file coords-v2.txt (compact mmCIF, N, CA and C atoms)
# COMPACT_ATOMS: atom_id res chain seq x y z
N MET P 1 -18.81 50.39 -10.16
CA MET P 1 -18.46 49.60 -9.01
C MET P 1 -17.15 48.87 -9.28
N LYS P 2 -16.22 48.97 -8.36
CA LYS P 2 -14.90 48.38 -8.52
C LYS P 2 -14.96 46.90 -8.20
N GLU P 3 -14.36 46.08 -9.10
CA GLU P 3 -14.37 44.63 -8.90
C GLU P 3 -13.25 44.26 -7.93
N SER P 4 -13.57 43.42 -6.96
CA SER P 4 -12.61 43.00 -5.96
C SER P 4 -11.82 41.79 -6.46
N ILE P 5 -10.50 41.89 -6.40
CA ILE P 5 -9.64 40.78 -6.80
C ILE P 5 -8.97 40.25 -5.54
N SER P 6 -9.10 38.95 -5.34
CA SER P 6 -8.52 38.36 -4.12
C SER P 6 -7.01 38.22 -4.27
N ILE P 7 -6.36 38.05 -3.14
CA ILE P 7 -4.91 37.87 -3.12
C ILE P 7 -4.54 36.61 -3.91
N ARG P 8 -5.34 35.57 -3.78
CA ARG P 8 -5.07 34.31 -4.48
C ARG P 8 -5.03 34.53 -6.00
N ASP P 9 -5.90 35.36 -6.51
CA ASP P 9 -5.93 35.61 -7.95
C ASP P 9 -4.70 36.38 -8.42
N ARG P 10 -4.07 37.10 -7.54
CA ARG P 10 -2.90 37.90 -7.91
C ARG P 10 -1.61 37.09 -7.90
N ARG P 11 -1.62 35.93 -7.28
CA ARG P 11 -0.40 35.13 -7.17
C ARG P 11 -0.10 34.41 -8.47
N SER P 12 1.18 34.15 -8.65
CA SER P 12 1.60 33.35 -9.80
C SER P 12 1.21 31.89 -9.56
N PRO P 13 1.23 31.06 -10.62
CA PRO P 13 0.93 29.64 -10.41
C PRO P 13 1.84 28.99 -9.38
N LEU P 14 3.12 29.35 -9.38
CA LEU P 14 4.04 28.79 -8.39
C LEU P 14 3.65 29.24 -6.99
N GLY P 15 3.31 30.51 -6.86
CA GLY P 15 2.90 31.02 -5.55
C GLY P 15 1.63 30.34 -5.05
N ARG P 16 0.71 30.04 -5.97
CA ARG P 16 -0.52 29.33 -5.56
C ARG P 16 -0.21 27.89 -5.17
N ALA P 17 0.78 27.28 -5.82
CA ALA P 17 1.09 25.88 -5.56
C ALA P 17 1.78 25.69 -4.21
N ARG P 18 2.58 26.67 -3.82
CA ARG P 18 3.28 26.56 -2.54
C ARG P 18 2.29 26.55 -1.39
N GLY P 19 2.58 25.70 -0.44
CA GLY P 19 1.73 25.66 0.75
C GLY P 19 0.51 24.77 0.61
N LEU P 20 0.29 24.21 -0.57
CA LEU P 20 -0.84 23.31 -0.73
C LEU P 20 -0.43 21.90 -0.33
N GLY P 21 -1.40 21.08 0.02
CA GLY P 21 -1.12 19.69 0.37
C GLY P 21 -1.22 19.48 1.86
N ALA P 22 -1.21 18.21 2.23
CA ALA P 22 -1.41 17.84 3.63
C ALA P 22 -0.13 17.92 4.44
N GLY P 23 1.02 17.94 3.77
CA GLY P 23 2.27 18.03 4.50
C GLY P 23 2.86 16.69 4.88
N GLY P 24 2.20 15.58 4.53
CA GLY P 24 2.71 14.26 4.86
C GLY P 24 3.34 13.57 3.67
N GLY P 25 3.73 14.33 2.69
CA GLY P 25 4.25 13.76 1.46
C GLY P 25 5.55 12.99 1.65
N LEU P 26 6.45 13.48 2.48
CA LEU P 26 7.73 12.81 2.69
C LEU P 26 7.52 11.45 3.34
N HIS P 27 6.67 11.41 4.35
CA HIS P 27 6.39 10.14 5.03
C HIS P 27 5.77 9.14 4.05
N HIS P 28 4.83 9.60 3.26
CA HIS P 28 4.16 8.74 2.29
C HIS P 28 5.15 8.23 1.24
N TRP P 29 5.98 9.11 0.73
CA TRP P 29 6.97 8.74 -0.27
C TRP P 29 7.95 7.72 0.31
N LEU P 30 8.40 7.97 1.54
CA LEU P 30 9.35 7.07 2.19
C LEU P 30 8.72 5.69 2.43
N ALA P 31 7.47 5.67 2.86
CA ALA P 31 6.77 4.40 3.09
C ALA P 31 6.64 3.62 1.78
N MET P 32 6.36 4.30 0.69
CA MET P 32 6.27 3.63 -0.61
C MET P 32 7.62 3.03 -1.00
N LYS P 33 8.70 3.76 -0.78
CA LYS P 33 10.02 3.27 -1.14
C LYS P 33 10.43 2.09 -0.26
N VAL P 34 10.17 2.17 1.03
CA VAL P 34 10.55 1.09 1.95
C VAL P 34 9.76 -0.18 1.63
N THR P 35 8.45 -0.05 1.42
CA THR P 35 7.65 -1.24 1.12
C THR P 35 8.04 -1.83 -0.23
N SER P 36 8.33 -0.99 -1.21
CA SER P 36 8.71 -1.54 -2.52
C SER P 36 10.07 -2.23 -2.44
N LEU P 37 11.00 -1.68 -1.68
CA LEU P 37 12.30 -2.33 -1.51
C LEU P 37 12.16 -3.65 -0.76
N ALA P 38 11.30 -3.70 0.23
CA ALA P 38 11.09 -4.94 0.98
C ALA P 38 10.38 -5.99 0.13
N LEU P 39 9.51 -5.55 -0.76
CA LEU P 39 8.75 -6.49 -1.58
C LEU P 39 9.60 -7.20 -2.63
N VAL P 40 10.68 -6.60 -3.07
CA VAL P 40 11.51 -7.24 -4.10
C VAL P 40 12.06 -8.58 -3.62
N PRO P 41 12.83 -8.63 -2.52
CA PRO P 41 13.34 -9.95 -2.10
C PRO P 41 12.23 -10.88 -1.60
N LEU P 42 11.21 -10.32 -0.94
CA LEU P 42 10.12 -11.16 -0.46
C LEU P 42 9.37 -11.83 -1.61
N THR P 43 9.14 -11.10 -2.67
CA THR P 43 8.43 -11.66 -3.83
C THR P 43 9.29 -12.70 -4.53
N LEU P 44 10.57 -12.43 -4.69
CA LEU P 44 11.46 -13.41 -5.31
C LEU P 44 11.52 -14.68 -4.47
N TRP P 45 11.64 -14.54 -3.16
CA TRP P 45 11.63 -15.69 -2.26
C TRP P 45 10.32 -16.47 -2.39
N PHE P 46 9.20 -15.77 -2.43
CA PHE P 46 7.90 -16.42 -2.53
C PHE P 46 7.75 -17.18 -3.86
N ILE P 47 8.17 -16.58 -4.95
CA ILE P 47 8.08 -17.25 -6.26
C ILE P 47 8.96 -18.51 -6.25
N TYR P 48 10.16 -18.40 -5.73
CA TYR P 48 11.05 -19.55 -5.64
C TYR P 48 10.42 -20.67 -4.79
N ALA P 49 9.88 -20.29 -3.65
CA ALA P 49 9.26 -21.28 -2.76
C ALA P 49 8.05 -21.94 -3.43
N MET P 50 7.24 -21.16 -4.13
CA MET P 50 6.06 -21.73 -4.78
C MET P 50 6.45 -22.66 -5.92
N LEU P 51 7.53 -22.35 -6.62
CA LEU P 51 8.00 -23.25 -7.67
C LEU P 51 8.48 -24.58 -7.09
N LEU P 52 9.13 -24.51 -5.93
CA LEU P 52 9.57 -25.74 -5.27
C LEU P 52 8.39 -26.55 -4.73
N LEU P 53 7.34 -25.88 -4.30
CA LEU P 53 6.19 -26.56 -3.69
C LEU P 53 5.10 -26.91 -4.69
N ALA P 54 5.25 -26.53 -5.94
CA ALA P 54 4.21 -26.78 -6.94
C ALA P 54 3.98 -28.29 -7.09
N GLY P 55 2.71 -28.69 -6.99
CA GLY P 55 2.34 -30.08 -7.15
C GLY P 55 2.50 -30.93 -5.90
N ARG P 56 3.00 -30.35 -4.84
CA ARG P 56 3.18 -31.09 -3.58
C ARG P 56 1.85 -31.16 -2.83
N PRO P 57 1.65 -32.17 -2.00
CA PRO P 57 0.40 -32.27 -1.23
C PRO P 57 0.31 -31.18 -0.16
N GLN P 58 -0.90 -30.94 0.30
CA GLN P 58 -1.13 -29.86 1.28
C GLN P 58 -0.32 -30.08 2.56
N GLU P 59 -0.11 -31.31 2.94
CA GLU P 59 0.66 -31.59 4.16
C GLU P 59 2.09 -31.06 4.05
N ASP P 60 2.68 -31.22 2.85
CA ASP P 60 4.04 -30.70 2.64
C ASP P 60 4.06 -29.17 2.69
N VAL P 61 3.06 -28.56 2.09
CA VAL P 61 2.98 -27.09 2.09
C VAL P 61 2.76 -26.58 3.52
N ALA P 62 1.90 -27.28 4.28
CA ALA P 62 1.65 -26.88 5.67
C ALA P 62 2.91 -27.06 6.51
N ALA P 63 3.65 -28.13 6.27
CA ALA P 63 4.91 -28.34 7.01
C ALA P 63 5.90 -27.24 6.67
N TRP P 64 5.97 -26.86 5.39
CA TRP P 64 6.86 -25.77 4.98
C TRP P 64 6.44 -24.46 5.64
N ALA P 65 5.13 -24.17 5.63
CA ALA P 65 4.63 -22.91 6.20
C ALA P 65 4.74 -22.88 7.72
N SER P 66 4.79 -24.03 8.36
CA SER P 66 4.87 -24.05 9.82
C SER P 66 6.28 -23.76 10.33
N HIS P 67 7.25 -23.77 9.45
CA HIS P 67 8.61 -23.38 9.86
C HIS P 67 8.57 -21.90 10.20
N PRO P 68 9.11 -21.51 11.36
CA PRO P 68 9.00 -20.11 11.81
C PRO P 68 9.52 -19.07 10.81
N VAL P 69 10.62 -19.34 10.16
CA VAL P 69 11.18 -18.37 9.21
C VAL P 69 10.22 -18.18 8.04
N ASN P 70 9.70 -19.29 7.51
CA ASN P 70 8.78 -19.19 6.39
C ASN P 70 7.49 -18.49 6.78
N ALA P 71 6.97 -18.78 7.97
CA ALA P 71 5.73 -18.13 8.44
C ALA P 71 5.93 -16.62 8.59
N VAL P 72 7.06 -16.24 9.17
CA VAL P 72 7.34 -14.80 9.36
C VAL P 72 7.51 -14.11 8.00
N LEU P 73 8.22 -14.74 7.08
CA LEU P 73 8.40 -14.13 5.76
C LEU P 73 7.08 -14.04 5.00
N LEU P 74 6.23 -15.05 5.13
CA LEU P 74 4.90 -14.98 4.50
C LEU P 74 4.08 -13.84 5.08
N LEU P 75 4.10 -13.70 6.40
CA LEU P 75 3.36 -12.60 7.04
C LEU P 75 3.94 -11.25 6.64
N ALA P 76 5.26 -11.15 6.54
CA ALA P 76 5.88 -9.89 6.09
C ALA P 76 5.46 -9.58 4.66
N LEU P 77 5.40 -10.59 3.81
CA LEU P 77 4.96 -10.39 2.44
C LEU P 77 3.52 -9.88 2.39
N VAL P 78 2.66 -10.46 3.20
CA VAL P 78 1.25 -10.04 3.25
C VAL P 78 1.15 -8.59 3.72
N VAL P 79 1.82 -8.27 4.81
CA VAL P 79 1.73 -6.91 5.38
C VAL P 79 2.27 -5.88 4.39
N MET P 80 3.44 -6.15 3.84
CA MET P 80 4.04 -5.19 2.90
C MET P 80 3.21 -5.04 1.64
N THR P 81 2.67 -6.15 1.13
CA THR P 81 1.89 -6.09 -0.10
C THR P 81 0.65 -5.23 0.07
N PHE P 82 -0.11 -5.48 1.13
CA PHE P 82 -1.36 -4.74 1.30
C PHE P 82 -1.12 -3.29 1.73
N HIS P 83 -0.05 -3.05 2.48
CA HIS P 83 0.27 -1.67 2.84
C HIS P 83 0.71 -0.89 1.60
N HIS P 84 1.56 -1.50 0.78
CA HIS P 84 2.02 -0.86 -0.45
C HIS P 84 0.84 -0.61 -1.39
N MET P 85 -0.07 -1.57 -1.48
CA MET P 85 -1.24 -1.40 -2.34
C MET P 85 -2.09 -0.21 -1.87
N ALA P 86 -2.32 -0.12 -0.57
CA ALA P 86 -3.14 0.98 -0.05
C ALA P 86 -2.46 2.33 -0.30
N LEU P 87 -1.15 2.39 -0.12
CA LEU P 87 -0.43 3.65 -0.37
C LEU P 87 -0.51 4.04 -1.84
N GLY P 88 -0.34 3.08 -2.72
CA GLY P 88 -0.40 3.38 -4.15
C GLY P 88 -1.78 3.82 -4.60
N LEU P 89 -2.81 3.14 -4.13
CA LEU P 89 -4.17 3.54 -4.49
C LEU P 89 -4.53 4.90 -3.91
N GLN P 90 -3.99 5.21 -2.74
CA GLN P 90 -4.24 6.54 -2.17
C GLN P 90 -3.67 7.63 -3.07
N VAL P 91 -2.48 7.41 -3.61
CA VAL P 91 -1.88 8.39 -4.52
C VAL P 91 -2.75 8.57 -5.76
N VAL P 92 -3.22 7.47 -6.32
CA VAL P 92 -4.09 7.55 -7.50
C VAL P 92 -5.35 8.34 -7.18
N LEU P 93 -5.97 8.05 -6.05
CA LEU P 93 -7.20 8.76 -5.67
C LEU P 93 -6.94 10.24 -5.43
N GLU P 94 -5.82 10.55 -4.78
CA GLU P 94 -5.49 11.97 -4.54
C GLU P 94 -5.26 12.71 -5.85
N ASP P 95 -4.72 12.02 -6.83
CA ASP P 95 -4.42 12.68 -8.11
C ASP P 95 -5.65 12.83 -9.00
N TYR P 96 -6.58 11.88 -8.95
CA TYR P 96 -7.65 11.87 -9.95
C TYR P 96 -9.06 12.09 -9.42
N VAL P 97 -9.26 12.06 -8.11
CA VAL P 97 -10.58 12.37 -7.55
C VAL P 97 -10.51 13.79 -7.01
N HIS P 98 -11.26 14.70 -7.63
CA HIS P 98 -11.13 16.12 -7.30
C HIS P 98 -12.10 16.59 -6.23
N ASP P 99 -13.22 15.90 -6.05
CA ASP P 99 -14.16 16.25 -4.99
C ASP P 99 -13.58 15.80 -3.65
N LYS P 100 -13.42 16.75 -2.72
CA LYS P 100 -12.74 16.44 -1.46
C LYS P 100 -13.46 15.36 -0.65
N ARG P 101 -14.77 15.43 -0.60
CA ARG P 101 -15.53 14.45 0.18
C ARG P 101 -15.41 13.06 -0.44
N ALA P 102 -15.56 12.99 -1.77
CA ALA P 102 -15.45 11.70 -2.45
C ALA P 102 -14.04 11.14 -2.31
N ARG P 103 -13.04 12.01 -2.38
CA ARG P 103 -11.65 11.57 -2.22
C ARG P 103 -11.42 11.00 -0.83
N ALA P 104 -11.89 11.71 0.18
CA ALA P 104 -11.68 11.24 1.56
C ALA P 104 -12.39 9.91 1.79
N LEU P 105 -13.63 9.80 1.30
CA LEU P 105 -14.37 8.54 1.47
C LEU P 105 -13.71 7.41 0.70
N SER P 106 -13.22 7.70 -0.48
CA SER P 106 -12.54 6.67 -1.28
C SER P 106 -11.27 6.19 -0.60
N ILE P 107 -10.51 7.10 -0.06
CA ILE P 107 -9.27 6.73 0.63
C ILE P 107 -9.57 5.91 1.87
N LEU P 108 -10.59 6.31 2.61
CA LEU P 108 -10.99 5.52 3.78
C LEU P 108 -11.44 4.12 3.36
N GLY P 109 -12.20 4.04 2.27
CA GLY P 109 -12.65 2.75 1.78
C GLY P 109 -11.49 1.86 1.35
N VAL P 110 -10.52 2.45 0.65
CA VAL P 110 -9.35 1.69 0.22
C VAL P 110 -8.58 1.18 1.42
N LYS P 111 -8.39 2.03 2.42
CA LYS P 111 -7.66 1.61 3.62
C LYS P 111 -8.41 0.51 4.37
N ALA P 112 -9.73 0.63 4.46
CA ALA P 112 -10.52 -0.39 5.15
C ALA P 112 -10.46 -1.72 4.41
N ILE P 113 -10.65 -1.68 3.10
CA ILE P 113 -10.64 -2.91 2.30
C ILE P 113 -9.24 -3.53 2.32
N SER P 114 -8.20 -2.72 2.20
CA SER P 114 -6.83 -3.24 2.25
C SER P 114 -6.54 -3.88 3.60
N GLY P 115 -6.99 -3.24 4.65
CA GLY P 115 -6.78 -3.80 5.99
C GLY P 115 -7.51 -5.12 6.18
N LEU P 116 -8.76 -5.18 5.72
CA LEU P 116 -9.52 -6.42 5.84
C LEU P 116 -8.92 -7.54 5.00
N LEU P 117 -8.55 -7.24 3.76
CA LEU P 117 -7.94 -8.26 2.91
C LEU P 117 -6.60 -8.73 3.48
N GLY P 118 -5.81 -7.80 4.00
CA GLY P 118 -4.55 -8.16 4.63
C GLY P 118 -4.75 -9.02 5.85
N LEU P 119 -5.75 -8.69 6.65
CA LEU P 119 -6.06 -9.49 7.83
C LEU P 119 -6.51 -10.90 7.44
N MET P 120 -7.35 -10.99 6.40
CA MET P 120 -7.79 -12.31 5.93
C MET P 120 -6.60 -13.14 5.44
N ALA P 121 -5.69 -12.51 4.72
CA ALA P 121 -4.51 -13.22 4.23
C ALA P 121 -3.61 -13.66 5.38
N ALA P 122 -3.45 -12.81 6.38
CA ALA P 122 -2.63 -13.16 7.55
C ALA P 122 -3.25 -14.32 8.32
N VAL P 123 -4.56 -14.32 8.46
CA VAL P 123 -5.24 -15.43 9.14
C VAL P 123 -5.05 -16.72 8.34
N ALA P 124 -5.12 -16.64 7.02
CA ALA P 124 -4.92 -17.82 6.19
C ALA P 124 -3.50 -18.37 6.36
N VAL P 125 -2.51 -17.49 6.42
CA VAL P 125 -1.13 -17.93 6.63
C VAL P 125 -0.99 -18.59 8.00
N LEU P 126 -1.55 -17.96 9.01
CA LEU P 126 -1.46 -18.53 10.36
C LEU P 126 -2.20 -19.86 10.47
N LYS P 127 -3.35 -19.95 9.82
CA LYS P 127 -4.12 -21.20 9.84
C LYS P 127 -3.33 -22.32 9.17
N LEU P 128 -2.71 -22.01 8.03
CA LEU P 128 -1.90 -22.99 7.33
C LEU P 128 -0.68 -23.39 8.16
N ALA P 129 -0.06 -22.41 8.80
CA ALA P 129 1.15 -22.68 9.57
C ALA P 129 0.88 -23.42 10.87
N LEU P 130 -0.33 -23.32 11.38
CA LEU P 130 -0.63 -23.90 12.68
C LEU P 130 -1.43 -25.21 12.62
N ILE P 131 -1.67 -25.75 11.41
CA ILE P 131 -2.40 -27.03 11.37
C ILE P 131 -1.50 -28.17 11.72

call {"tool": "encode", "arguments": {"input": "coords-v2.txt", "output": "structure tokens"}}
result
Amino acid sequence: MKESISIRDRRSPLGRARGLGAGGGLHHWLAMKVTSLALVPLTLWFIYAMLLLAGRPQEDVAAWASHPVNAVLLLALVVMTFHHMALGLQVVLEDYVHDKRARALSILGVKAISGLLGLMAAVAVLKLALI
């Protein structure tokens, strides 16, 4: 009896690698680069602001956060941080979780948790800015 060899088995490793993936790699890569570039000045600004506000009473911090520029920059920091975190964890899960179902559920879980944590942080910023 002749053994059947599939077309996939006849391809070279490069040939098997081509065409694999979801096709959204460029968008994902670009989002990672944009969020990381945005996080550099935002993080430096935040560290500088926290050093200036260290030891100050809550009223001073609330007054600082209620300034529109500071509130917007804080919200941008929160959004970029949690979006960048979710993108990075998704890459790790795609690389190291080999079961497709477990990978998909893990990525959904990471996105849900990142979204909830980001929303909680945004509410905290708004609450501080609006007291």

call {"tool": "residues_around", "arguments": {"input": "coords-v2.txt", "residues": "His83 of chain P", "least_positions_apart": "3", "cutoff": "9 Å", "atoms": "only C-alpha atoms", "output": "list in words"}}
result
Ala31, Met32, Thr35, Val78, Val79, Met80, Ala86, Leu87, Gly88, Lys111, Ser114, Gly115 and Gly118 of chain P

call {"tool": "residues_around", "arguments": {"input": "coords-v2.txt", "residues": "Leu75 of chain P", "least_positions_apart": "4", "cutoff": "8 Å", "atoms": "all atoms listed in the file", "output": "list in words"}}
result
Val69, Asn70, Ala71, Val79, Met80, Thr81, Ala121, Ala122, Val125 and Leu126 of chain P

call {"tool": "atom_distance", "arguments": {"input": "coords-v2.txt", "atom1": "atom C of Lys127 of chain P", "atom2": "atom C of Val61 of chain P"}}
result
9.3 Å

call {"tool": "atom_distance", "arguments": {"input": "coords-v2.txt", "atom1": "atom C of Ala129 of chain P", "atom2": "atom CA of Pro57 of chain P"}}
result
15.0 Å

call {"tool": "atom_distance", "arguments": {"input": "coords-v2.txt", "atom1": "atom CA of Ala65 of chain P", "atom2": "atom C of Ser36 of chain P"}}
result
23.1 Å

call {"tool": "residues_around", "arguments": {"input": "coords-v2.txt", "residues": "Phe46 of chain P", "least_positions_apart": "6", "cutoff": "8 Å", "atoms": "all atoms listed in the file", "output": "list in words"}}
result
Val40, Leu52, Leu73 and Leu74 of chain P

call {"tool": "select_by_dssp", "arguments": {"input": "coords-v2.txt", "residues": "chain P", "states": "alpha helix (DSSP H)", "output": "VMD selection string"}}
result
chain P and resid 7 to 10 13 to 17 25 to 53 58 to 66 68 to 96 100 to 129

call {"tool": "closest_residue", "arguments": {"input": "coords-v2.txt", "among": "P:Val123, P:Ala76, P:Ile107, P:Leu128", "to": "Ala63 of chain P", "atoms": "all atoms listed in the file"}}
result
P:Leu128

call {"tool": "build_atoms", "arguments": {"input": "coords-v2.txt", "residues": "segment 77-87 of chain P", "atoms": "all heavy atoms", "output": "compact mmCIF listing (two decimals), keeping the file's coordinate frame"}}
result
# COMPACT_ATOMS: atom_id res chain seq x y z
N LEU P 77 5.40 -10.59 3.81
CA LEU P 77 4.96 -10.39 2.44
C LEU P 77 3.52 -9.88 2.39
O LEU P 77 3.20 -8.94 1.66
CB LEU P 77 5.09 -11.69 1.64
CG LEU P 77 4.62 -11.65 0.19
CD1 LEU P 77 5.52 -10.73 -0.63
CD2 LEU P 77 4.60 -13.05 -0.39
N VAL P 78 2.66 -10.46 3.20
CA VAL P 78 1.25 -10.04 3.25
C VAL P 78 1.15 -8.59 3.72
O VAL P 78 0.48 -7.76 3.09
CB VAL P 78 0.44 -10.98 4.17
CG1 VAL P 78 -0.91 -10.38 4.52
CG2 VAL P 78 0.27 -12.34 3.51
N VAL P 79 1.82 -8.27 4.81
CA VAL P 79 1.73 -6.91 5.38
C VAL P 79 2.27 -5.88 4.39
O VAL P 79 1.62 -4.86 4.12
CB VAL P 79 2.49 -6.84 6.72
CG1 VAL P 79 2.66 -5.39 7.18
CG2 VAL P 79 1.77 -7.65 7.78
N MET P 80 3.44 -6.15 3.84
CA MET P 80 4.04 -5.19 2.90
C MET P 80 3.21 -5.04 1.64
O MET P 80 3.05 -3.93 1.12
CB MET P 80 5.47 -5.63 2.53
CG MET P 80 6.45 -5.58 3.64
SD MET P 80 6.73 -3.89 4.17
CE MET P 80 7.59 -4.18 5.68
N THR P 81 2.67 -6.15 1.13
CA THR P 81 1.89 -6.09 -0.10
C THR P 81 0.65 -5.23 0.07
O THR P 81 0.37 -4.33 -0.73
CB THR P 81 1.49 -7.51 -0.55
OG1 THR P 81 2.67 -8.24 -0.83
CG2 THR P 81 0.60 -7.46 -1.78
N PHE P 82 -0.11 -5.48 1.13
CA PHE P 82 -1.36 -4.74 1.30
C PHE P 82 -1.12 -3.29 1.73
O PHE P 82 -1.88 -2.40 1.36
CB PHE P 82 -2.30 -5.47 2.26
CG PHE P 82 -2.94 -6.66 1.61
CD1 PHE P 82 -2.44 -7.93 1.79
CD2 PHE P 82 -4.02 -6.50 0.76
CE1 PHE P 82 -3.01 -9.03 1.17
CE2 PHE P 82 -4.60 -7.58 0.12
CZ PHE P 82 -4.10 -8.85 0.33
N HIS P 83 -0.05 -3.05 2.48
CA HIS P 83 0.27 -1.67 2.84
C HIS P 83 0.71 -0.89 1.60
O HIS P 83 0.27 0.25 1.38
CB HIS P 83 1.35 -1.64 3.92
CG HIS P 83 1.63 -0.28 4.46
ND1 HIS P 83 0.67 0.53 5.01
CD2 HIS P 83 2.78 0.43 4.51
CE1 HIS P 83 1.21 1.68 5.39
NE2 HIS P 83 2.49 1.64 5.09
N HIS P 84 1.56 -1.50 0.78
CA HIS P 84 2.02 -0.86 -0.45
C HIS P 84 0.84 -0.61 -1.39
O HIS P 84 0.76 0.45 -2.02
CB HIS P 84 3.08 -1.73 -1.12
CG HIS P 84 3.74 -1.11 -2.30
ND1 HIS P 84 4.70 -0.14 -2.19
CD2 HIS P 84 3.57 -1.32 -3.63
CE1 HIS P 84 5.10 0.23 -3.39
NE2 HIS P 84 4.42 -0.48 -4.29
N MET P 85 -0.07 -1.57 -1.48
CA MET P 85 -1.24 -1.40 -2.34
C MET P 85 -2.09 -0.21 -1.87
O MET P 85 -2.51 0.62 -2.69
CB MET P 85 -2.09 -2.67 -2.32
CG MET P 85 -3.35 -2.57 -3.17
SD MET P 85 -4.43 -4.00 -2.98
CE MET P 85 -5.15 -3.67 -1.38
N ALA P 86 -2.32 -0.12 -0.57
CA ALA P 86 -3.14 0.98 -0.05
C ALA P 86 -2.46 2.33 -0.30
O ALA P 86 -3.13 3.30 -0.68
CB ALA P 86 -3.38 0.78 1.45
N LEU P 87 -1.15 2.39 -0.12
CA LEU P 87 -0.43 3.65 -0.37
C LEU P 87 -0.51 4.04 -1.84
O LEU P 87 -0.74 5.21 -2.16
CB LEU P 87 1.04 3.50 0.05
CG LEU P 87 1.33 3.38 1.53
CD1 LEU P 87 2.79 3.02 1.76
CD2 LEU P 87 0.97 4.66 2.26
